[in-house]
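Visitor: Input: one structure, supplied below.
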Protein chains: 2
Amino acid sequence: MNPEEIVQMMSRQGMRITDQRKTLATLFARAKGYMTPKDVYEQMLHTYSGLSFDTVYRNLRIMHEMGVLEQFVFEDGIKFRLHCQENDHHHHVICLSCEQTYPVVFCPMEQIPGLPEGFRPVKHKFEVFGYCKKCREEEAAQ
Amino acid sequence: MNPEEIVQMMSRQGMRITDQRKTLATLFARAKGYMTPKDVYEQMLHTYSGLSFDTVYRNLRIMHEMGVLEQFVFEDGIKFRLHCQENDHHHHVICLSCEQTYPVVFCPMEQIPGLPEGFRPVKHKFEVFGYCKKCREEEAAQ
DNA sequence: TTGTTTGCAAATACTTTGCATACTA
DNA sequence: TAGTATGCAAAGTATTTGCAAACAA
């Protein structure tokens, strides 16, 4: 998705489009992996020297509520990225080096045996972490 | 696992066995689900009125490092429970109501298709959330 | 007796809130 | 113009650290 599409999406949801929010859109459009609130703040600070942290938090929260961003709880804290554009149910493969994510359509719930008797599943998580081709090649080249 | 076994395990790892740590062992032996540091603090406060939060944090961290406890990042924060005693690789089914967990031997990695070309997986997460038989029955009985 | 554990106090990190001003629509 | 967004200051929550006294081995 390009920045304009993101801005449109935000606008459609009733958000007012400020310069900062345009920059946020550009930032997330360009981002390869996930970003922490701190990452976002630091990136934005280049352009807006008077930027405050609470505005970043507010916008991240709103953009998450609007479904523009996706929030992911890593061991080391919460991170954000653009909301996944895949329509069908899918899972993610995440590179531990560049944090790029790849969708996988395979879903283990379709064939899971051995659920406890009487257990009614309502949601599940399946994520694979590792190293993508590009990062492995770069690593090997050093 | 009973409290004595947990205490032995801690002792074997070189931890000194204080009254508080014995109580911690008892607490986790009895706990059905996961506990937040706050839960633990509040439980312990019944017995130790002068208890401080930092001691709870310290002990939880140490017991996690020693492999006595298991740490789980939920959306609403970090929680702890006894480290799983299953030997073989397995995954967890977690009840959203009582937080009781059940092991499942099935592992989706054994048959996952569609990994991006050249991606080398190093770890994965697979967790199923829902409601266990007991909680569903209790819910229905109301 | 030695070295670990504890409580206290304070520091740090992260996130949220109230309010006046600035800006979008 | 009406109402939202921003920066500032401050508060709230979660977690960590340094230190002296208490305690386990």
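Please note that chains go A, B, ... in the order of the structure tokens, that every chain numbers its residues from 1, and that ligands are numbered from 1 in the order shown.
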May I have the residues within 12 Å of DG18 in chain C as a count of residues only, using only C-alpha atoms (C1' of nucleotides) and disregarding those fewer than 5 positions away in the same chain?
Guide: 4
Visitor: Could you pull out the strand (DSSP E or B) residues of chain B from DSSP and send them as a PyMOL selection string?
Guide: chain B and resi 35+69-74+77-82+91-95+101-104+120-131
Visitor: If we count only C-alpha atoms (C1' of nucleotides) and set the cut-off at 9 Å, which residues sit around range 60-71 of chain B, ignoring sequence neighbours fewer than 4 positions away in its own chain? Please answer as a short mmCIF file (atom, residue, chain, number, x, y, z; two decimals) with C-alpha atoms, in the first residue's frame.
Guide:
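Saved the output as around_16.cif:
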data_model
loop_
_atom_site.label_atom_id
_atom_site.label_comp_id
_atom_site.auth_asym_id
_atom_site.auth_seq_id
_atom_site.Cartn_x
_atom_site.Cartn_y
_atom_site.Cartn_z
CA ILE B 6 9.58 -27.17 43.46
CA MET B 9 14.36 -27.82 42.22
CA MET B 10 15.10 -24.28 43.36
CA GLN B 13 19.83 -24.56 41.21
CA MET B 15 18.75 -20.66 45.31
CA PHE B 28 2.50 -21.87 42.02
CA TYR B 34 -1.22 -18.00 35.03
CA PRO B 37 3.31 -10.27 39.34
CA THR B 55 11.19 -8.91 45.94
CA VAL B 56 8.32 -10.48 44.06
CA ILE B 78 3.31 -10.84 31.39
CA LYS B 79 2.10 -13.78 33.42
CA PHE B 80 3.80 -16.75 35.08
CA ARG B 81 3.10 -20.37 35.81
CA LEU B 82 5.11 -23.47 36.67
CA HIS B 83 7.35 -24.58 33.87
CA CYS B 84 5.67 -27.26 31.88
#
Visitor: Hey, what's within 10 Å of DG18 in chain D if we count only C-alpha atoms (C1' of nucleotides) and toss same-chain stuff fewer than 4 positions away? As a list in words, please?
Guide: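 Contacts, with the query itself left out: DA9, DA10 and DA11 of chain C.
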Visitor: Write out, as a PDB file, in the first residue's frame, the residues just selected, with N, CA and C atoms (P, O5', C5', C4', C3', O3' and C1' of nucleotides).
Guide:
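What ended up in selection25.pdb:
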ATOM      1  P    DA C   9      10.835   3.991  53.080  1.00  0.00           P
ATOM      2  O5'  DA C   9      11.774   4.710  52.011  1.00  0.00           O
ATOM      3  C5'  DA C   9      13.177   4.730  52.201  1.00  0.00           C
ATOM      4  C4'  DA C   9      13.835   5.163  50.900  1.00  0.00           C
ATOM      5  C3'  DA C   9      13.017   6.198  50.124  1.00  0.00           C
ATOM      6  O3'  DA C   9      13.844   7.306  49.820  1.00  0.00           O
ATOM      7  C1'  DA C   9      13.606   4.364  48.728  1.00  0.00           C
ATOM      8  P    DA C  10      13.272   8.561  48.998  1.00  0.00           P
ATOM      9  O5'  DA C  10      13.952   8.366  47.579  1.00  0.00           O
ATOM     10  C5'  DA C  10      15.265   7.810  47.493  1.00  0.00           C
ATOM     11  C4'  DA C  10      15.526   7.357  46.074  1.00  0.00           C
ATOM     12  C3'  DA C  10      14.965   8.309  45.014  1.00  0.00           C
ATOM     13  O3'  DA C  10      15.994   8.629  44.100  1.00  0.00           O
ATOM     14  C1'  DA C  10      14.350   6.072  44.554  1.00  0.00           C
ATOM     15  P    DA C  11      15.807   9.629  42.901  1.00  0.00           P
ATOM     16  O5'  DA C  11      16.070   8.704  41.642  1.00  0.00           O
ATOM     17  C5'  DA C  11      17.142   7.759  41.705  1.00  0.00           C
ATOM     18  C4'  DA C  11      16.992   6.779  40.561  1.00  0.00           C
ATOM     19  C3'  DA C  11      16.658   7.453  39.223  1.00  0.00           C
ATOM     20  O3'  DA C  11      17.517   6.925  38.232  1.00  0.00           O
ATOM     21  C1'  DA C  11      15.078   5.745  39.711  1.00  0.00           C
TER      22       DA C  11
END
Visitor: Determine which residues of chain A sit within 9 Å of chain C, taking into account only C-alpha atoms (C1' of nucleotides), and present them as a PDB file with all heavy atoms, in the first residue's frame.
Guide:
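File iface_13.pdb, as written:
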ATOM      1  N   ARG A  16      -8.909  13.303  10.810  1.00  0.00           N
ATOM      2  CA  ARG A  16      -8.470  14.496  10.091  1.00  0.00           C
ATOM      3  C   ARG A  16      -7.033  14.306   9.650  1.00  0.00           C
ATOM      4  O   ARG A  16      -6.224  13.738  10.379  1.00  0.00           O
ATOM      5  CB  ARG A  16      -8.584  15.718  10.995  1.00  0.00           C
ATOM      6  CG  ARG A  16     -10.027  15.984  11.308  1.00  0.00           C
ATOM      7  CD  ARG A  16     -10.245  17.375  11.784  1.00  0.00           C
ATOM      8  NE  ARG A  16     -11.672  17.632  11.831  1.00  0.00           N
ATOM      9  CZ  ARG A  16     -12.203  18.683  12.398  1.00  0.00           C
ATOM     10  NH1 ARG A  16     -11.433  19.591  12.967  1.00  0.00           N
ATOM     11  NH2 ARG A  16     -13.508  18.859  12.396  1.00  0.00           N
ATOM     12  N   ILE A  17      -6.760  14.773   8.454  1.00  0.00           N
ATOM     13  CA  ILE A  17      -5.426  14.526   7.906  1.00  0.00           C
ATOM     14  C   ILE A  17      -4.496  15.684   8.180  1.00  0.00           C
ATOM     15  O   ILE A  17      -4.544  16.721   7.518  1.00  0.00           O
ATOM     16  CB  ILE A  17      -5.521  14.251   6.391  1.00  0.00           C
ATOM     17  CG1 ILE A  17      -6.520  13.105   6.157  1.00  0.00           C
ATOM     18  CG2 ILE A  17      -4.152  13.902   5.839  1.00  0.00           C
ATOM     19  CD1 ILE A  17      -6.266  11.858   6.989  1.00  0.00           C
ATOM     20  N   THR A  18      -3.648  15.497   9.132  1.00  0.00           N
ATOM     21  CA  THR A  18      -2.654  16.510   9.473  1.00  0.00           C
ATOM     22  C   THR A  18      -1.335  16.143   8.820  1.00  0.00           C
ATOM     23  O   THR A  18      -1.178  15.027   8.311  1.00  0.00           O
ATOM     24  CB  THR A  18      -2.455  16.570  10.989  1.00  0.00           C
ATOM     25  OG1 THR A  18      -1.948  15.299  11.426  1.00  0.00           O
ATOM     26  CG2 THR A  18      -3.760  16.829  11.703  1.00  0.00           C
ATOM     27  N   ASP A  54       3.265  11.746  23.400  1.00  0.00           N
ATOM     28  CA  ASP A  54       1.861  11.393  23.586  1.00  0.00           C
ATOM     29  C   ASP A  54       1.090  11.441  22.264  1.00  0.00           C
ATOM     30  O   ASP A  54       0.188  10.652  22.045  1.00  0.00           O
ATOM     31  CB  ASP A  54       1.200  12.279  24.632  1.00  0.00           C
ATOM     32  CG  ASP A  54       1.478  13.737  24.391  1.00  0.00           C
ATOM     33  OD1 ASP A  54       0.782  14.347  23.565  1.00  0.00           O
ATOM     34  OD2 ASP A  54       2.408  14.262  24.994  1.00  0.00           O
ATOM     35  N   TYR A  57       1.740   8.170  20.541  1.00  0.00           N
ATOM     36  CA  TYR A  57       0.928   7.125  21.159  1.00  0.00           C
ATOM     37  C   TYR A  57      -0.530   7.244  20.752  1.00  0.00           C
ATOM     38  O   TYR A  57      -1.184   6.280  20.412  1.00  0.00           O
ATOM     39  CB  TYR A  57       1.023   7.202  22.681  1.00  0.00           C
ATOM     40  CG  TYR A  57       2.223   6.480  23.240  1.00  0.00           C
ATOM     41  CD1 TYR A  57       3.258   7.181  23.814  1.00  0.00           C
ATOM     42  CD2 TYR A  57       2.299   5.095  23.176  1.00  0.00           C
ATOM     43  CE1 TYR A  57       4.362   6.521  24.338  1.00  0.00           C
ATOM     44  CE2 TYR A  57       3.393   4.427  23.696  1.00  0.00           C
ATOM     45  CZ  TYR A  57       4.426   5.147  24.278  1.00  0.00           C
ATOM     46  OH  TYR A  57       5.499   4.492  24.786  1.00  0.00           O
TER      47      TYR A  57
END
Visitor: Based on only C-alpha atoms, which of the residues in chain A come within 7 Å of chain B? I want them as a PyMOL selection string.
Guide: chain A and resi 73+75+104+106+108+112-115+118-133
Visitor: Can you spit out the residues from that selection as a PDB file, in the first residue's frame, using C-alpha atoms?
Guide:
ATOM      1  CA  VAL A  73       2.994  -8.096  21.304  1.00  0.00           C
ATOM      2  CA  GLU A  75       8.568 -10.350  24.152  1.00  0.00           C
ATOM      3  CA  VAL A 104       1.135 -18.401   5.033  1.00  0.00           C
ATOM      4  CA  PHE A 106      -1.807 -23.002   5.945  1.00  0.00           C
ATOM      5  CA  PRO A 108      -3.140 -25.784  11.759  1.00  0.00           C
ATOM      6  CA  ILE A 112      -5.521 -30.316  14.901  1.00  0.00           C
ATOM      7  CA  PRO A 113      -6.002 -33.585  16.736  1.00  0.00           C
ATOM      8  CA  GLY A 114      -5.873 -34.035  20.498  1.00  0.00           C
ATOM      9  CA  LEU A 115      -7.862 -31.060  21.750  1.00  0.00           C
ATOM     10  CA  GLY A 118     -15.222 -30.588  25.429  1.00  0.00           C
ATOM     11  CA  PHE A 119     -12.837 -27.719  24.696  1.00  0.00           C
ATOM     12  CA  ARG A 120     -14.294 -25.075  22.403  1.00  0.00           C
ATOM     13  CA  PRO A 121     -11.549 -23.138  20.592  1.00  0.00           C
ATOM     14  CA  VAL A 122     -12.343 -19.508  19.833  1.00  0.00           C
ATOM     15  CA  LYS A 123      -9.037 -18.184  18.589  1.00  0.00           C
ATOM     16  CA  HIS A 124      -5.498 -19.253  17.950  1.00  0.00           C
ATOM     17  CA  LYS A 125      -2.034 -18.015  17.226  1.00  0.00           C
ATOM     18  CA  PHE A 126       0.421 -19.566  14.865  1.00  0.00           C
ATOM     19  CA  GLU A 127       3.618 -17.758  14.051  1.00  0.00           C
ATOM     20  CA  VAL A 128       6.881 -18.916  12.619  1.00  0.00           C
ATOM     21  CA  PHE A 129      10.097 -17.055  13.330  1.00  0.00           C
ATOM     22  CA  GLY A 130      13.353 -17.474  11.502  1.00  0.00           C
ATOM     23  CA  TYR A 131      15.575 -15.868   8.894  1.00  0.00           C
ATOM     24  CA  CYS A 132      14.543 -14.913   5.411  1.00  0.00           C
ATOM     25  CA  LYS A 133      16.551 -15.631   2.301  1.00  0.00           C
TER      26      LYS A 133
END
Visitor: What's the 8 Å shell around Ala25 in chain B, counting only C-alpha atoms (C1' of nucleotides), without same-chain residues fewer than 2 positions away, as a ChimeraX atom specification?
Guide: /B:3-4,6-7,21-23,27-29
Visitor: Expressed in Å to a single decimal, how great is the separation between CA of Glu138 in chain B and CA of Ser97 in chain B?
Guide: 10.6 Å
Visitor: Distance limit 9 Å, atoms considered: only C-alpha atoms (C1' of nucleotides). Which chain D residues sit that close to chain B? Return them as a ChimeraX atom specification.
Guide: /D:15-16,23-25
Visitor: Do you have the CA of Leu24 in chain A-CA of Arg12 in chain A distance handy?
Guide: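 We find that CA of Leu24 in chain A and CA of Arg12 in chain A lie 16.2 Å from each other.
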Visitor: C1' of DT17 in chain D to CA of Val40 in chain A: how many Å, to one decimal?
Guide: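 Interatomic distance here is 28.6 Å.
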Visitor: Given the choices B:Gln85, B:Glu5, B:Glu99, B:Gln142, which gets closest to Thr36 in chain B if the distance is worked out from only C-alpha atoms?
Guide: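 Of B:Gln85, B:Glu5, B:Glu99, B:Gln142, the one nearest Thr36 in chain B is B:Glu99, counting only C-alpha atoms.
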